[in-house]
Amino acid sequence: MSENDRRKEVLFGYAVRAGDISGNTKIHGLHSIMQKGLTTAKQFETLKELIMSSKGEPTHKFEDLRVEHDERLKKNLIELGLTDERSLILSAFIKPQAAESTFENPTEILEAIRRLPAGLRDGGWTLIYSSEIDEDSPDELRTKWSDTRALKLYADGTLIASFDFQYLVFLRDEMKPRIIPVALVEVVYQFVAFYSQFLQALQASENHKVFVTVSLRNMRKDGIPTELQPGTAAPNTWSEPRAATENDFSKVFEIRTLEPGAGAMEILETIYAFFTLPVNAIPFVSHEEGRDVIDISRFTGR
């Protein structure tokens, strides 16, 4: 362009080194490079998928994994007879799934299961009552449905923990089912801790994402709402409980950490939100390193 009889130009060049010389890129080549730059992110994802496939790792899309997970949850409810009962189902899966499709040597996993009935403290609430294995197949393990709870494990890294609410409410009173806060905190904490051990035993890749599903079912069975109150609900304390406004609830989300205290806090925030309770209603919380975590020492004494 011209301005005051002086010529001004904008020049843009791109040099490519080939062997021991560098040559200027032709205009059509430069145009191609600029075009490809716009699709770098997409190309990178495609390359990532190809690399993972070459390693033999599954590359299922998230939606496919979620559909498969939902089907497993439905099947599990039917098998345990929980379809019409008040229940809490905590489950988790990873993306990408664990490379192993079968439990070739589940010794370490079975040993971790055997430790679960001991719980966090004497007389406390636990993930399972019995470590006896009720279902044993190459790709699935399930503990015996005993005292209203059980675990189901899949070789691809999926875990399902099922609880009949009779186990988690005061006096198992169906006329006024009110959740025991410490019971809820204990089982959620143990769920996160055990899932971390489970993935380690599977030797799952550290580059996976962990997704948790919280399912609350039949919370208003027979028109009677399940209740949860703020705080510990310890003797000589009282806070107005909140009643479930919906019968069923399910939410899947990526959990940021499997450190038990912090991971349990993320899950409990979801459960308390269902009962329209704020985060500060969750008991046994400490503030550590800039975040809220469940501090089990506050009720275990250790």
# chains A, B, ... in the order shown; residues from 1 in each chain; ligands from 1
$ select_by_dssp --residues "segment 239-273 of chain A" --states "alpha helix (DSSP H)" --output "list in words"
Pro260, Gly261, Ala262, Gly263, Ala264, Met265, Glu266, Ile267, Leu268, Glu269, Thr270, Ile271, Tyr272 and Ala273 of chain A
$ write_last_selection --atoms "N, CA and C atoms" --output "compact mmCIF listing (two decimals), in the first residue's frame"
# COMPACT_ATOMS: atom_id res chain seq x y z
N PRO A 260 -8.79 -40.34 50.95
CA PRO A 260 -10.09 -40.62 51.57
C PRO A 260 -10.81 -39.42 52.18
N GLY A 261 -10.08 -38.59 52.93
CA GLY A 261 -10.73 -37.46 53.58
C GLY A 261 -11.30 -36.46 52.60
N ALA A 262 -10.52 -36.12 51.56
CA ALA A 262 -10.96 -35.14 50.57
C ALA A 262 -11.99 -35.73 49.61
N GLY A 263 -11.76 -36.99 49.20
CA GLY A 263 -12.71 -37.64 48.29
C GLY A 263 -14.07 -37.84 48.92
N ALA A 264 -14.07 -38.25 50.20
CA ALA A 264 -15.33 -38.43 50.92
C ALA A 264 -16.09 -37.11 51.02
N MET A 265 -15.34 -36.02 51.21
CA MET A 265 -15.98 -34.71 51.31
C MET A 265 -16.72 -34.36 50.03
N GLU A 266 -16.13 -34.65 48.88
CA GLU A 266 -16.77 -34.37 47.60
C GLU A 266 -18.09 -35.13 47.46
N ILE A 267 -18.09 -36.40 47.86
CA ILE A 267 -19.30 -37.22 47.75
C ILE A 267 -20.36 -36.74 48.73
N LEU A 268 -19.96 -36.45 49.95
CA LEU A 268 -20.92 -36.00 50.96
C LEU A 268 -21.55 -34.66 50.59
N GLU A 269 -20.80 -33.79 49.95
CA GLU A 269 -21.37 -32.51 49.50
C GLU A 269 -22.54 -32.76 48.56
N THR A 270 -22.42 -33.77 47.69
CA THR A 270 -23.50 -34.11 46.76
C THR A 270 -24.72 -34.65 47.51
N ILE A 271 -24.49 -35.53 48.47
CA ILE A 271 -25.60 -36.11 49.23
C ILE A 271 -26.32 -35.04 50.06
N TYR A 272 -25.56 -34.20 50.74
CA TYR A 272 -26.17 -33.16 51.57
C TYR A 272 -26.92 -32.14 50.71
N ALA A 273 -26.41 -31.87 49.52
CA ALA A 273 -27.11 -30.94 48.62
C ALA A 273 -28.47 -31.50 48.22
$ residues_around --residues "Glu85 of chain A" --least-positions-apart "6" --cutoff "12 Å" --atoms "only C-alpha atoms" --output "PyMOL selection string"
chain A and resi 77-78+148+162-166+174+216-222+226+247-248
$ write_last_selection --atoms "C-alpha atoms" --output "compact mmCIF listing (two decimals), in the first residue's frame"
# COMPACT_ATOMS: atom_id res chain seq x y z
CA LEU A 77 -30.42 -53.54 42.19
CA ILE A 78 -32.45 -56.44 40.80
CA THR A 148 -28.16 -55.08 54.27
CA SER A 162 -24.94 -51.06 47.97
CA PHE A 163 -26.71 -50.19 51.24
CA ASP A 164 -30.27 -50.80 52.31
CA PHE A 165 -31.20 -47.68 54.28
CA GLN A 166 -32.24 -49.84 57.23
CA GLU A 174 -39.61 -47.05 58.80
CA LEU A 216 -30.41 -42.39 46.35
CA ARG A 217 -33.52 -44.47 45.67
CA ASN A 218 -37.04 -44.55 47.09
CA MET A 219 -36.34 -41.68 49.45
CA ARG A 220 -40.08 -41.03 49.76
CA LYS A 221 -41.28 -44.62 49.86
CA ASP A 222 -44.96 -44.92 50.83
CA THR A 226 -36.18 -39.86 54.43
CA ASN A 247 -38.01 -39.97 45.47
CA ASP A 248 -34.96 -40.83 43.37
$ residues_around --residues "segment 186-196 of chain A" --least-positions-apart "5" --cutoff "8 Å" --atoms "only C-alpha atoms" --output "PyMOL selection string"
chain A and resi 90+92+112+119-120+124-127+159+161+258-261+263-264+267-268+294
$ atom_distance --atom1 "atom CA of Pro117 of chain A" --atom2 "atom CA of Tyr154 of chain A"
20.1 Å
$ atom_distance --atom1 "atom CA of Pro225 of chain A" --atom2 "atom CA of Ile180 of chain A"
14.7 Å
$ select_by_dssp --residues "segment 100-259 of chain A" --states "strand (DSSP E or B)" --output "PyMOL selection string"
chain A and resi 133-136+140-143+146+149-154+159-164+169+178-179+209-217+227-228+242-243+249-255
$ write_last_selection --atoms "C-alpha atoms" --output "compact mmCIF listing (two decimals), in the first residue's frame"
# COMPACT_ATOMS: atom_id res chain seq x y z
CA ILE A 133 -17.56 -64.00 48.34
CA ASP A 134 -21.04 -64.76 47.02
CA GLU A 135 -20.29 -64.43 43.31
CA ASP A 136 -16.96 -65.37 41.78
CA GLU A 140 -16.68 -60.04 38.59
CA LEU A 141 -16.53 -60.45 42.37
CA ARG A 142 -19.37 -59.79 44.82
CA THR A 143 -19.42 -60.06 48.58
CA SER A 146 -25.28 -59.67 54.52
CA ARG A 149 -24.96 -54.29 52.39
CA ALA A 150 -22.59 -55.69 49.77
CA LEU A 151 -19.83 -54.82 47.29
CA LYS A 152 -19.50 -55.74 43.63
CA LEU A 153 -16.18 -55.42 41.82
CA TYR A 154 -15.36 -55.63 38.12
CA LEU A 159 -16.89 -50.78 42.08
CA ILE A 160 -20.49 -50.76 43.35
CA ALA A 161 -21.29 -50.44 47.07
CA SER A 162 -24.94 -51.06 47.97
CA PHE A 163 -26.71 -50.19 51.24
CA ASP A 164 -30.27 -50.80 52.31
CA VAL A 169 -31.12 -44.83 59.86
CA ARG A 178 -33.73 -40.41 59.68
CA ILE A 179 -30.14 -40.96 58.54
CA LYS A 209 -10.05 -40.13 35.39
CA VAL A 210 -12.27 -41.35 38.22
CA PHE A 211 -16.04 -40.92 38.04
CA VAL A 212 -18.36 -41.47 40.99
CA THR A 213 -22.11 -42.04 40.86
CA VAL A 214 -24.24 -41.26 43.90
CA SER A 215 -27.70 -42.87 43.75
CA LEU A 216 -30.41 -42.39 46.35
CA ARG A 217 -33.52 -44.47 45.67
CA GLU A 227 -34.58 -37.18 56.62
CA LEU A 228 -31.07 -35.92 57.28
CA ARG A 242 -34.34 -31.77 56.13
CA ALA A 243 -36.64 -34.14 54.26
CA PHE A 249 -31.68 -39.06 42.75
CA SER A 250 -28.61 -39.95 40.73
CA LYS A 251 -25.57 -37.87 39.88
CA VAL A 252 -22.30 -38.83 38.18
CA PHE A 253 -19.27 -36.60 38.48
CA GLU A 254 -15.49 -36.70 38.19
CA ILE A 255 -13.86 -36.91 41.59
$ closest_residue --among "A:Ile89, A:Leu199, A:Ala244, A:Met175" --to "Leu73 of chain A" --atoms "only C-alpha atoms"
A:Ile89
